[in-house]
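The file final29.tsv comes next; it holds TSV, C-alpha atoms and all ligand atoms.
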chain	number	residue	atom	x	y	z
G	140	MET	CA	116.12	75.27	95.38
G	141	ARG	CA	115.34	78.71	96.66
G	142	GLU	CA	112.20	79.07	98.78
G	143	TYR	CA	109.94	82.10	98.70
G	144	GLN	CA	107.43	83.21	101.29
G	145	ASP	CA	104.81	83.21	98.53
G	146	ASP	CA	105.11	79.42	98.19
G	147	LEU	CA	104.94	78.40	101.85
G	148	VAL	CA	101.85	76.80	103.34
G	149	SER	CA	100.09	79.59	105.19
G	150	VAL	CA	96.96	80.31	107.18
G	151	ASN	CA	95.07	83.59	107.29
G	152	SER	CA	93.46	84.69	110.55
G	153	ALA	CA	90.71	86.71	108.82
G	154	ARG	CA	89.72	83.69	106.78
G	155	LEU	CA	89.74	81.37	109.80
G	156	ARG	CA	87.66	83.85	111.76
G	157	ALA	CA	85.14	84.02	108.92
G	158	LEU	CA	85.03	80.23	108.91
G	159	GLY	CA	84.47	80.11	112.67
G	160	VAL	CA	87.75	78.31	113.40
G	161	ILE	CA	88.85	81.40	115.31
G	162	ARG	CA	86.17	82.49	117.78
G	163	PRO	CA	86.12	86.18	118.80
G	164	GLU	CA	86.32	85.39	122.52
G	165	ALA	CA	88.90	82.60	122.42
G	166	ALA	CA	92.51	83.19	123.46
G	167	SER	CA	93.77	80.54	121.08
G	168	ALA	CA	92.70	78.48	118.13
G	169	VAL	CA	93.64	75.09	116.79
G	170	VAL	CA	94.98	75.64	113.33
G	171	ARG	CA	95.72	73.14	110.62
G	172	PHE	CA	98.57	73.78	108.22
G	173	GLY	CA	98.51	71.87	104.98
G	174	GLU	CA	96.36	68.99	103.87
G	175	GLY	CA	95.90	65.32	104.62
G	176	GLU	CA	98.56	63.18	106.29
G	177	ASP	CA	101.22	65.89	106.09
G	178	ALA	CA	99.05	68.44	107.86
G	179	LEU	CA	100.46	70.01	110.98
G	180	VAL	CA	97.96	70.90	113.70
G	181	ARG	CA	98.95	73.50	116.24
G	182	GLU	CA	97.31	75.61	118.90
G	183	VAL	CA	98.10	79.27	118.21
G	184	ARG	CA	97.49	82.24	120.50
G	185	ILE	CA	95.10	84.83	119.09
G	186	TRP	CA	94.84	88.59	119.58
G	187	HIS	CA	91.42	90.23	119.11
G	188	ARG	CA	90.13	93.72	118.70
G	189	GLN	CA	86.45	94.51	118.87
G	190	PHE	CA	85.21	97.64	117.10
G	191	ARG	CA	82.27	99.79	118.21
G	192	ASN	CA	80.26	98.80	115.17
G	193	GLY	CA	80.23	95.24	116.47
G	194	ARG	CA	82.79	93.96	114.04
G	195	GLY	CA	86.25	92.92	115.02
G	196	ILE	CA	89.49	91.47	113.82
G	197	SER	CA	91.58	88.60	115.03
G	198	LEU	CA	95.29	88.18	114.44
G	199	PHE	CA	97.70	85.39	115.28
G	200	LEU	CA	100.40	85.95	117.83
G	201	CYS	CA	103.51	84.59	116.16
G	202	PRO	CA	104.83	81.60	118.15
G	203	ALA	CA	108.38	82.69	117.37
G	204	CYS	CA	108.43	86.46	118.03
G	205	GLY	CA	105.06	87.10	119.72
G	206	GLY	CA	104.17	89.76	117.15
G	207	LYS	CA	100.68	90.16	115.67
G	208	ALA	CA	100.26	88.69	112.21
G	209	GLN	CA	97.38	87.99	109.86
G	210	LEU	CA	99.36	85.24	108.18
G	211	LEU	CA	101.38	82.46	109.70
G	212	LYS	CA	103.51	80.28	107.48
G	213	LEU	CA	105.03	76.91	107.84
G	214	TYR	CA	108.77	76.92	107.30
G	215	ASP	CA	111.16	74.19	108.27
G	216	GLY	CA	108.44	72.55	110.35
G	217	ARG	CA	107.87	75.70	112.41
G	218	LEU	CA	105.27	78.46	112.33
G	219	ARG	CA	106.53	81.94	111.66
G	220	CYS	CA	105.17	85.34	110.74
G	221	ARG	CA	106.48	87.13	107.67
G	222	LYS	CA	108.79	89.31	109.74
G	223	CYS	CA	110.44	86.26	111.30
G	224	LEU	CA	110.80	84.76	107.83
G	225	MET	CA	112.33	87.96	106.47
G	226	ARG	CA	114.81	87.87	109.33
G	227	SER	CA	115.63	84.28	108.34
G	228	GLY	CA	116.29	85.47	104.80
G	229	VAL	CA	113.14	84.04	103.20
G	230	GLN	CA	112.12	86.62	100.62
G	231	PHE	CA	109.05	87.43	98.56
G	232	ARG	CA	109.20	87.02	94.82
G	233	ILE	CA	108.60	90.74	94.29
G	234	ALA	CA	111.68	91.57	96.30
G	235	TYR	CA	113.65	89.04	94.37
G	236	GLY	CA	115.44	89.33	91.08
G	237	THR	CA	118.53	91.32	90.32
G	238	PRO	CA	118.35	95.11	90.69
G	239	ALA	CA	118.41	95.20	86.86
G	240	GLU	CA	115.32	93.01	86.66
G	241	ARG	CA	113.45	95.15	89.17
G	242	LEU	CA	114.52	98.27	87.29
G	243	ALA	CA	113.32	96.77	84.00
G	244	ARG	CA	109.86	96.12	85.50
G	245	ALA	CA	109.66	99.69	86.80
G	246	LYS	CA	110.91	101.17	83.51
G	247	ARG	CA	108.36	99.27	81.45
G	248	ILE	CA	105.57	100.77	83.55
G	249	GLU	CA	107.04	104.25	83.25
G	250	ALA	CA	107.38	103.88	79.46
G	251	LEU	CA	103.75	102.83	79.13
G	252	LYS	CA	102.64	105.76	81.28
G	253	ALA	CA	104.71	108.16	79.18
G	254	LYS	CA	103.19	106.89	75.95
G	255	LEU	CA	99.72	107.37	77.40
G	256	SER	CA	100.31	110.86	78.74
G	257	GLY	CA	100.02	113.88	76.52
G	258	PRO	CA	97.04	115.57	74.93
G	259	PRO	CA	93.91	113.56	74.24
G	260	LEU	CA	93.62	112.29	70.71
G	261	ARG	CA	91.46	114.24	68.30
G	262	LEU	CA	89.41	112.59	65.67
G	263	LYS	CA	91.38	112.93	62.45
G	264	PRO	CA	92.10	110.52	59.66
G	265	LEU	CA	94.06	107.64	61.17
G	266	ALA	CA	92.73	108.61	64.57
G	267	GLY	CA	90.80	105.36	64.69
G	268	LEU	CA	94.03	103.44	64.44
G	269	ARG	CA	95.65	105.57	67.09
G	270	VAL	CA	92.69	105.13	69.38
G	271	ALA	CA	92.99	101.37	68.97
G	272	ARG	CA	96.73	101.54	69.68
G	273	ARG	CA	96.07	103.70	72.72
G	274	ARG	CA	93.57	101.20	74.05
G	275	GLU	CA	96.17	98.47	73.66
G	276	LEU	CA	98.71	100.53	75.58
G	277	GLU	CA	96.18	101.32	78.28
G	278	LEU	CA	95.42	97.63	78.64
G	279	SER	CA	99.12	96.78	78.87
G	280	LEU	CA	99.62	99.43	81.52
G	281	THR	CA	96.59	98.28	83.49
G	282	ARG	CA	97.80	94.69	83.40
G	283	ALA	CA	101.32	95.67	84.47
G	284	LEU	CA	99.94	97.76	87.35
G	285	ILE	CA	97.63	94.97	88.47
G	286	ARG	CA	100.52	92.48	88.49
G	287	GLN	CA	102.61	94.94	90.44
G	288	ARG	CA	99.83	95.55	92.96
G	289	GLU	CA	99.29	91.81	93.35
G	290	ARG	CA	102.97	91.34	94.13
G	291	MET	CA	102.87	94.22	96.62
G	292	LEU	CA	99.77	92.82	98.33
G	293	GLU	CA	101.34	89.41	98.56
G	294	ALA	CA	104.42	90.94	100.05
G	295	LYS	CA	102.39	92.89	102.60
G	296	THR	CA	99.98	90.34	104.00
K	301	ZN	ZN	107.27	86.29	114.16

Can I see the file as structure tokens?
Amino acid sequence: MREYQDDLVSVNSARLRALGVIRPEAASAVVRFGEGEDALVREVRIWHRQFRNGRGISLFLCPACGGKAQLLKLYDGRLRCRKCLMRSGVQFRIAYGTPAERLARAKRIEALKAKLSGPPLRLKPLAGLRVARRRELELSLTRALIRQRERMLEAKT
């Protein structure tokens, strides 16, 4: 079975900082991956930046490559950042699929955009129907764009 980065157990430094697990002055944090008996507990080095407005961010330092990362994932019993995982050939779902499948997704979005471009509809007989159809198309496009953005965000974090 193929594994995707999207499906791996992961921890998010921003979330852990908000929860107080990562303290802004601490050089490391004890992080739990997964739940219950199978959980893996590890001490992970943390990088911090404090902003002038008093806020700050904390990122993990990847145990494998030393790079800064907001997410660490558990793969093969080890903690890795997404870059390390990419190097190991673990892909994101968005990047996956044949080129034809990726092209089909992109084409569908383009087709919806094309249908929606053009002059605004005037109110004529049948215009009501067309307005309804246009709303449907707009909704389809919005949904397709949201799904695409979600995949991109997942791939980025
Ligand atoms: Zn790494």

Practice task
Might you pull out every residue within 10 Å of Leu213 (chain G), with all atoms listed in the file counted and same-chain residues fewer than 6 positions away left off, and present them as a PyMOL selection string?
Solution key: chain G and resi 144+146-150+172-173+179+219-220+224

Handout entry: Option closest in space to Arg162 (chain G), from G:Cys204, G:Ala271, G:Ile196, G:Leu242 [counting only C-alpha atoms]
Key = G:Ile196

Which chain G residues have any atom within 8 Å of an atom of ligand ZN 301 (chain K), and for each, what is the nearest pair of atoms with distance in Å to one decimal, counting all atoms listed in the file, rows sorted by chain and number, as a Markdown table?
| residue | atom | partner | partner_atom | distance |
| --- | --- | --- | --- | --- |
| G:Leu200 | CA | K:ZN301 | ZN | 7.8 |
| G:Cys201 | CA | K:ZN301 | ZN | 4.6 |
| G:Pro202 | CA | K:ZN301 | ZN | 6.6 |
| G:Ala203 | CA | K:ZN301 | ZN | 4.9 |
| G:Cys204 | CA | K:ZN301 | ZN | 4.0 |
| G:Gly205 | CA | K:ZN301 | ZN | 6.0 |
| G:Gly206 | CA | K:ZN301 | ZN | 5.5 |
| G:Lys207 | CA | K:ZN301 | ZN | 7.8 |
| G:Ala208 | CA | K:ZN301 | ZN | 7.7 |
| G:Arg219 | CA | K:ZN301 | ZN | 5.1 |
| G:Cys220 | CA | K:ZN301 | ZN | 4.1 |
| G:Arg221 | CA | K:ZN301 | ZN | 6.6 |
| G:Lys222 | CA | K:ZN301 | ZN | 5.6 |
| G:Cys223 | CA | K:ZN301 | ZN | 4.3 |
| G:Leu224 | CA | K:ZN301 | ZN | 7.4 |

Problem - Point-to-point distance from CA of Ile285 (chain G) to CA of Arg273 (chain G), Å rounded to tenths - result: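 Separation of CA of Ile285 (chain G) and CA of Arg273 (chain G): 18.1 Å.
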
Completion exercise
Among G:Ser197, G:Asn151, G:Gln287, G:Thr237, Ser167 (chain G) is approached most closely, using all atoms listed in the file, by G:Ser197

Handout entry: Spatial neighbours of region 253-255 of chain G, max dist 12 Å, all atoms listed in the file, sep filter under 2 positions, as a VMD selection string
Key = chain G and resid 246 to 251 257 to 260 269 to 270 272 to 281

Exercise for the section: Identify which of the residues G:Val170, G:Ala178, G:Ala245, G:Ile233 lies closest to Leu284 (chain G), counting only C-alpha atoms when measuring atom-to-atom distances. Expected result: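 Once distances to Leu284 (chain G) are computed over only C-alpha atoms, the minimum belongs to G:Ala245.
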
Add whatever atoms are absent from region 277-288 of chain G to reach N, CA and C atoms, and provide the output as a PDB file, in the coordinates of the input.
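This is the output file selection-v3.pdb:
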ATOM      1  N   GLU G 277      96.863 101.173  76.988  1.00  0.00           N
ATOM      2  CA  GLU G 277      96.180 101.320  78.280  1.00  0.00           C
ATOM      3  C   GLU G 277      95.979  99.956  78.941  1.00  0.00           C
ATOM      4  N   LEU G 278      95.602  98.991  78.112  1.00  0.00           N
ATOM      5  CA  LEU G 278      95.420  97.630  78.640  1.00  0.00           C
ATOM      6  C   LEU G 278      96.725  97.070  79.182  1.00  0.00           C
ATOM      7  N   SER G 279      97.815  97.282  78.422  1.00  0.00           N
ATOM      8  CA  SER G 279      99.120  96.780  78.870  1.00  0.00           C
ATOM      9  C   SER G 279      99.500  97.410  80.196  1.00  0.00           C
ATOM     10  N   LEU G 280      99.267  98.721  80.292  1.00  0.00           N
ATOM     11  CA  LEU G 280      99.620  99.430  81.520  1.00  0.00           C
ATOM     12  C   LEU G 280      98.769  98.905  82.682  1.00  0.00           C
ATOM     13  N   THR G 281      97.475  98.771  82.429  1.00  0.00           N
ATOM     14  CA  THR G 281      96.590  98.280  83.490  1.00  0.00           C
ATOM     15  C   THR G 281      97.039  96.911  83.970  1.00  0.00           C
ATOM     16  N   ARG G 282      97.364  96.039  83.015  1.00  0.00           N
ATOM     17  CA  ARG G 282      97.800  94.690  83.400  1.00  0.00           C
ATOM     18  C   ARG G 282      99.090  94.742  84.203  1.00  0.00           C
ATOM     19  N   ALA G 283     100.034  95.568  83.764  1.00  0.00           N
ATOM     20  CA  ALA G 283     101.320  95.670  84.470  1.00  0.00           C
ATOM     21  C   ALA G 283     101.106  96.198  85.887  1.00  0.00           C
ATOM     22  N   LEU G 284     100.199  97.191  86.017  1.00  0.00           N
ATOM     23  CA  LEU G 284      99.940  97.760  87.350  1.00  0.00           C
ATOM     24  C   LEU G 284      99.242  96.759  88.253  1.00  0.00           C
ATOM     25  N   ILE G 285      98.327  95.985  87.673  1.00  0.00           N
ATOM     26  CA  ILE G 285      97.630  94.970  88.470  1.00  0.00           C
ATOM     27  C   ILE G 285      98.625  93.924  88.965  1.00  0.00           C
ATOM     28  N   ARG G 286      99.520  93.476  88.064  1.00  0.00           N
ATOM     29  CA  ARG G 286     100.520  92.480  88.490  1.00  0.00           C
ATOM     30  C   ARG G 286     101.386  93.045  89.597  1.00  0.00           C
ATOM     31  N   GLN G 287     101.769  94.314  89.424  1.00  0.00           N
ATOM     32  CA  GLN G 287     102.610  94.940  90.440  1.00  0.00           C
ATOM     33  C   GLN G 287     101.876  95.014  91.780  1.00  0.00           C
ATOM     34  N   ARG G 288     100.595  95.427  91.719  1.00  0.00           N
ATOM     35  CA  ARG G 288      99.830  95.550  92.960  1.00  0.00           C
ATOM     36  C   ARG G 288      99.656  94.189  93.622  1.00  0.00           C
TER      37      ARG G 288
END
